[in-house]
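This is run.csv. It holds CSV, C-alpha atoms.
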chain,number,residue,atom,x,y,z
A,1,MET,CA,0.1,-13.1,11.5
A,2,ILE,CA,2.2,-10.4,13.1
A,3,LEU,CA,2.1,-6.8,11.8
A,4,ARG,CA,5.0,-4.5,12.6
A,5,ARG,CA,7.5,-2.0,11.3
A,6,ALA,CA,10.0,-3.5,8.9
A,7,GLN,CA,13.5,-3.9,10.3
A,8,PRO,CA,16.6,-2.7,8.4
A,9,GLU,CA,17.9,-6.2,7.8
A,10,GLU,CA,14.6,-6.9,6.0
A,11,PHE,CA,14.6,-3.9,3.7
A,12,LEU,CA,16.1,-5.8,0.7
A,13,ALA,CA,13.6,-8.7,1.1
A,14,VAL,CA,10.7,-6.2,1.5
A,15,GLY,CA,11.7,-4.4,-1.7
A,16,GLN,CA,12.0,-7.7,-3.5
A,17,LEU,CA,8.6,-8.9,-2.2
A,18,THR,CA,7.0,-5.6,-3.3
A,19,LEU,CA,8.5,-5.8,-6.8
A,20,GLY,CA,7.6,-9.5,-7.0
A,21,ALA,CA,4.0,-9.0,-6.1
A,22,TYR,CA,3.6,-6.3,-8.8
A,23,THR,CA,5.4,-8.2,-11.5
A,24,ALA,CA,3.6,-11.5,-10.7
A,25,ASP,CA,0.3,-10.0,-11.7
A,26,GLY,CA,1.6,-8.3,-14.7
A,27,TYR,CA,1.2,-4.8,-13.3
A,28,LEU,CA,4.8,-3.8,-13.8
A,29,VAL,CA,7.7,-4.4,-16.1
A,30,GLU,CA,10.9,-4.7,-13.9
A,31,ASP,CA,13.0,-2.2,-15.8
A,32,THR,CA,10.8,0.8,-15.1
A,33,ASP,CA,11.5,3.7,-12.8
A,34,TYR,CA,8.6,2.6,-10.6
A,35,ALA,CA,10.3,-0.7,-10.2
A,36,ALA,CA,13.2,1.1,-8.5
A,37,GLU,CA,10.8,2.8,-6.2
A,38,LEU,CA,9.2,-0.5,-5.2
A,39,VAL,CA,12.6,-2.0,-4.4
A,40,GLY,CA,13.6,1.0,-2.4
A,41,ALA,CA,12.3,-0.2,0.9
A,42,ALA,CA,15.0,1.6,2.9
A,43,HIS,CA,14.0,4.9,1.5
A,44,ARG,CA,10.3,4.2,2.2
A,45,ALA,CA,11.2,3.3,5.8
A,46,ALA,CA,13.1,6.6,6.2
A,47,GLU,CA,10.3,8.8,4.7
A,48,ALA,CA,7.2,6.9,5.8
A,49,GLU,CA,6.1,4.0,8.0
A,50,LEU,CA,7.0,0.7,6.3
A,51,VAL,CA,5.0,-2.1,7.7
A,52,VAL,CA,5.3,-5.9,7.2
A,53,ALA,CA,3.1,-8.9,7.8
A,54,VAL,CA,5.1,-11.8,9.1
A,55,ASP,CA,4.2,-15.4,9.6
A,56,PRO,CA,4.5,-16.0,13.4
A,57,THR,CA,5.8,-19.6,12.9
A,58,SER,CA,8.1,-19.4,9.9
A,59,HIS,CA,8.9,-15.7,10.3
A,60,GLU,CA,8.4,-15.4,6.5
A,61,LEU,CA,7.5,-12.0,5.1
A,62,LEU,CA,3.9,-12.2,3.8
A,63,GLY,CA,3.3,-8.7,2.7
A,64,THR,CA,4.0,-5.0,3.2
A,65,VAL,CA,2.5,-1.6,3.0
A,66,THR,CA,3.8,2.0,3.1
A,67,PHE,CA,1.8,4.4,5.3
A,68,CYS,CA,2.3,8.2,5.1
A,69,LEU,CA,0.7,11.5,6.0
A,70,SER,CA,-0.4,14.3,3.7
A,71,GLY,CA,2.5,16.5,2.6
A,72,SER,CA,5.1,13.8,3.1
A,73,HIS,CA,7.5,12.4,0.5
A,74,TYR,CA,5.3,9.5,-0.5
A,75,ALA,CA,1.9,11.2,-0.4
A,76,GLU,CA,0.2,11.4,-3.8
A,77,VAL,CA,-3.4,12.2,-3.3
A,78,SER,CA,-4.0,13.0,0.4
A,79,HIS,CA,-5.2,16.4,1.6
A,80,ALA,CA,-4.3,18.1,4.8
A,81,GLY,CA,-5.2,15.9,7.8
A,82,GLU,CA,-5.4,12.7,5.8
A,83,ALA,CA,-3.3,9.6,5.8
A,84,GLU,CA,-2.5,7.6,2.7
A,85,PHE,CA,-1.1,4.2,2.0
A,86,ARG,CA,0.8,2.9,-1.0
A,87,MET,CA,2.6,0.0,-2.4
A,88,LEU,CA,0.4,-2.6,-0.6
A,89,ALA,CA,1.9,-5.9,-1.7
A,90,VAL,CA,1.3,-9.5,-0.7
A,91,ALA,CA,3.6,-12.4,-1.7
A,92,PRO,CA,1.9,-14.5,-4.3
A,93,GLU,CA,2.3,-17.6,-2.1
A,94,ALA,CA,0.6,-15.8,0.9
A,95,ARG,CA,-2.5,-14.7,-0.9
A,96,GLY,CA,-5.9,-15.8,0.3
A,97,ARG,CA,-4.8,-15.6,3.9
A,98,GLY,CA,-6.2,-12.1,4.8
A,99,VAL,CA,-2.8,-10.4,4.5
A,100,CYS,CA,-4.0,-7.6,2.3
A,101,HIS,CA,-7.0,-6.9,4.5
A,102,ALA,CA,-4.8,-6.9,7.7
A,103,LEU,CA,-2.3,-4.5,6.2
A,104,ALA,CA,-5.0,-2.1,5.0
A,105,ARG,CA,-6.8,-2.3,8.4
A,106,TRP,CA,-3.4,-1.5,10.1
A,107,CYS,CA,-3.3,1.7,8.0
A,108,VAL,CA,-6.9,2.7,9.0
A,109,ASP,CA,-6.2,2.0,12.6
A,110,ARG,CA,-2.9,4.0,12.5
A,111,ALA,CA,-4.7,6.9,10.8
A,112,ARG,CA,-7.3,6.9,13.6
A,113,GLU,CA,-4.5,6.8,16.2
A,114,LEU,CA,-2.9,9.9,14.6
A,115,GLY,CA,-6.3,11.7,14.5
A,116,CYS,CA,-6.5,11.8,10.7
A,117,THR,CA,-9.8,12.7,9.1
A,118,ALA,CA,-9.6,10.1,6.3
A,119,VAL,CA,-7.4,7.4,4.7
A,120,VAL,CA,-6.9,7.6,0.9
A,121,LEU,CA,-5.1,5.6,-1.6
A,122,CYS,CA,-4.6,5.1,-5.4
A,123,THR,CA,-4.8,1.8,-7.2
A,124,LEU,CA,-4.3,0.8,-10.8
A,125,ASP,CA,-7.6,0.8,-12.7
A,126,ARG,CA,-7.1,-2.9,-13.5
A,127,MET,CA,-6.5,-4.1,-9.9
A,128,HIS,CA,-10.0,-5.4,-9.5
A,129,THR,CA,-9.4,-7.7,-6.6
A,130,ALA,CA,-8.0,-4.7,-4.6
A,131,HIS,CA,-11.0,-2.6,-5.6
A,132,ARG,CA,-13.4,-5.2,-4.2
A,133,LEU,CA,-11.4,-5.3,-0.9
A,134,TYR,CA,-11.5,-1.5,-0.5
A,135,ASP,CA,-15.3,-1.5,-1.3
A,136,ARG,CA,-15.8,-4.2,1.4
A,137,MET,CA,-13.8,-2.1,3.9
A,138,GLY,CA,-16.1,0.9,3.3
A,139,PHE,CA,-13.8,2.9,1.1
A,140,SER,CA,-15.5,5.0,-1.6
A,141,ARG,CA,-14.3,6.1,-5.0
A,142,LEU,CA,-12.9,9.6,-5.2
A,143,PRO,CA,-12.9,10.1,-9.0
A,144,GLU,CA,-11.9,13.8,-8.6
A,145,ARG,CA,-8.5,12.6,-7.3
A,146,ASP,CA,-7.9,10.0,-10.1
A,147,TRP,CA,-4.7,10.7,-12.1
A,148,ASP,CA,-2.5,9.5,-14.8
A,149,PRO,CA,1.2,9.4,-13.9
A,150,THR,CA,2.0,8.4,-17.5
A,151,PRO,CA,-0.2,8.3,-20.6
A,152,ASP,CA,-0.7,4.5,-20.3
A,153,ILE,CA,-1.3,4.3,-16.5
A,154,THR,CA,-4.5,5.4,-14.8
A,155,LEU,CA,-4.7,5.4,-11.0
A,156,LEU,CA,-8.1,5.4,-9.3
A,157,ALA,CA,-8.4,7.1,-5.9
A,158,TYR,CA,-10.4,5.7,-2.9
A,159,GLY,CA,-11.0,7.2,0.5
A,160,LEU,CA,-12.4,6.2,3.9
A,161,ASP,CA,-13.9,9.0,6.0
A,162,LEU,CA,-12.7,8.6,9.6
A,163,ALA,CA,-15.1,11.3,11.1
A,164,PRO,CA,-16.6,10.1,14.4
Could you quickly redo this structure as structure tokens?
Amino acid sequence: MILRRAQPEEFLAVGQLTLGAYTADGYLVEDTDYAAELVGAAHRAAEAELVVAVDPTSHELLGTVTFCLSGSHYAEVSHAGEAEFRMLAVAPEARGRGVCHALARWCVDRARELGCTAVVLCTLDRMHTAHRLYDRMGFSRLPERDWDPTPDITLLAYGLDLAP
């Protein structure tokens, strides 16, 4: 698979892929405010690094992730010197092909390239498959950074120390 920045002509499809991945697993109802944020790929590309995984043969979009630095518009739990990734989404038909791991690894590598001290993220408390991936990649839970954006949603924080 090819990992690269999303192109403007792909923004609509990237937004739909992101929303589709979240709704396919029952993590989101389409008429929420967060659904609009997931669809807003053009805004993510303007305010952060919007990356896609693409099938090299069919050129089909397989997944996407939004990478940002502490203090930027999309940062939620990162501290100074840290990178963060959000809205990691894999098309349901592309699952089981290592897309999620490849996108997360891209974020870790990008953070190292930028000299960040750590990579952090938040994930829904019920995204158990994602939790297992982050554990396998060496991320640790950061319960002191957990938060509840709404009364019925709990986000768990994870971090990976990038100190040499």
Mind running region 14-105 of chain A against region 145-162 of chain A at 10 Å and telling me each contacting residue's nearest atom pair with the distance in Å (one decimal), counting all atoms listed in the file, chain and number ascending, as a tab-separated table?
residue	atom	partner	partner_atom	distance
A:Tyr27	CA	A:Ile153	CA	10.0
A:Glu76	CA	A:Arg145	CA	9.5
A:Val77	CA	A:Arg145	CA	6.5
A:Ser78	CA	A:Arg145	CA	8.9
A:Glu82	CA	A:Leu162	CA	9.2
A:Ala83	CA	A:Gly159	CA	9.7
A:Glu84	CA	A:Gly159	CA	8.8
When distances are computed from only C-alpha atoms, which of A:Ala163, A:Arg97, A:Val51, A:Ala89 shows the smallest separation from Thr117 (chain A)?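 Smallest separation from Thr117 (chain A) among the options: A:Ala163.
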Do you know which residues lie at most 12 Å from (11.5, 3.2, -2.0), with coordinates as in the file and all atoms listed in the file counted, and could you write them as a count of residues only? 31
Using only C-alpha atoms for the distances, tell me which of A:Ala13, A:Ala21, A:Val90, A:Leu3 is nearest to Pro56 (chain A). A:Leu3
One decimal, in Å: what's the spacing between CA of Leu121 (chain A) and CA of Glu9 (chain A)? 27.5 Å
Skipping near chain neighbours, those fewer than 3 positions away, what residues fall within 10 Å of Arg110 (chain A) using only C-alpha atoms, listed as a list in words? Phe67, Cys68, Ala83, Ala104, Arg105, Trp106, Cys107, Glu113, Leu114, Gly115, Cys116 and Val119 of chain A
Which of these, A:Val99, A:Met1, A:Ala53, A:Gly26, has the shortest distance to Leu124 (chain A) once you count all atoms listed in the file? A:Gly26
I need the residue nearest Arg4 (chain A) from this list: A:Val52, A:Ala24, A:Cys122, A:Leu17. Use only C-alpha atoms for the distance.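 Closest to Arg4 (chain A) of all the choices is A:Val52.
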Between A:Glu144, A:His128, A:Thr57, A:Gly20, single out the one closest to Glu93 (chain A), counting all atoms listed in the file. A:Gly20
Interatomic distance between CA of Ala6 (chain A) and CA of Val54 (chain A)? 9.6 Å
Find, counting all atoms listed in the file, the residue in A:Arg95, A:His101, A:Arg112, A:His131 that gets nearest to Leu69 (chain A). A:Arg112
To one decimal in Å, tell me the separation between CA of Phe85 (chain A) and CA of Gly138 (chain A).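 That distance, rounded to one decimal, is 15.4 Å.
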Please, could N, CA, C and O atoms be added to region 121-136 of chain A and the result written as a compact mmCIF listing (two decimals), keeping the file's coordinate frame?
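That gives us result_38.txt:
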# COMPACT_ATOMS: atom_id res chain seq x y z
N LEU A 121 -6.05 6.37 -0.91
CA LEU A 121 -5.10 5.60 -1.60
C LEU A 121 -5.37 5.65 -3.12
O LEU A 121 -6.45 6.08 -3.52
N CYS A 122 -4.41 5.24 -3.92
CA CYS A 122 -4.60 5.10 -5.40
C CYS A 122 -4.29 3.66 -5.73
O CYS A 122 -3.43 3.02 -5.13
N THR A 123 -4.98 3.18 -6.73
CA THR A 123 -4.80 1.80 -7.20
C THR A 123 -4.92 1.81 -8.73
O THR A 123 -5.68 2.61 -9.28
N LEU A 124 -4.18 0.94 -9.36
CA LEU A 124 -4.30 0.80 -10.80
C LEU A 124 -5.74 0.51 -11.20
O LEU A 124 -6.43 -0.25 -10.50
N ASP A 125 -6.18 1.04 -12.30
CA ASP A 125 -7.60 0.80 -12.70
C ASP A 125 -7.87 -0.65 -12.99
O ASP A 125 -9.01 -1.06 -12.91
N ARG A 126 -6.86 -1.48 -13.20
CA ARG A 126 -7.10 -2.90 -13.50
C ARG A 126 -6.87 -3.82 -12.26
O ARG A 126 -6.93 -5.03 -12.39
N MET A 127 -6.66 -3.26 -11.09
CA MET A 127 -6.50 -4.10 -9.90
C MET A 127 -7.85 -4.35 -9.24
O MET A 127 -8.17 -3.90 -8.14
N HIS A 128 -8.66 -5.14 -9.93
CA HIS A 128 -10.00 -5.40 -9.50
C HIS A 128 -10.19 -6.08 -8.19
O HIS A 128 -11.11 -5.77 -7.43
N THR A 129 -9.30 -6.98 -7.88
CA THR A 129 -9.40 -7.70 -6.60
C THR A 129 -9.17 -6.65 -5.45
O THR A 129 -9.88 -6.69 -4.45
N ALA A 130 -8.22 -5.75 -5.61
CA ALA A 130 -8.00 -4.70 -4.60
C ALA A 130 -9.22 -3.80 -4.49
O ALA A 130 -9.63 -3.44 -3.37
N HIS A 131 -9.82 -3.45 -5.61
CA HIS A 131 -11.00 -2.60 -5.60
C HIS A 131 -12.13 -3.23 -4.74
O HIS A 131 -12.79 -2.55 -3.95
N ARG A 132 -12.32 -4.54 -4.93
CA ARG A 132 -13.40 -5.20 -4.20
C ARG A 132 -13.05 -5.21 -2.67
O ARG A 132 -13.94 -5.01 -1.84
N LEU A 133 -11.79 -5.38 -2.30
CA LEU A 133 -11.40 -5.30 -0.90
C LEU A 133 -11.70 -3.92 -0.32
O LEU A 133 -12.29 -3.80 0.75
N TYR A 134 -11.29 -2.88 -1.03
CA TYR A 134 -11.50 -1.50 -0.50
C TYR A 134 -13.02 -1.25 -0.41
O TYR A 134 -13.46 -0.63 0.58
N ASP A 135 -13.80 -1.71 -1.36
CA ASP A 135 -15.30 -1.50 -1.30
C ASP A 135 -15.80 -2.23 0.00
O ASP A 135 -16.61 -1.65 0.74
N ARG A 136 -15.37 -3.47 0.24
CA ARG A 136 -15.80 -4.20 1.40
C ARG A 136 -15.41 -3.52 2.73
O ARG A 136 -16.11 -3.64 3.74
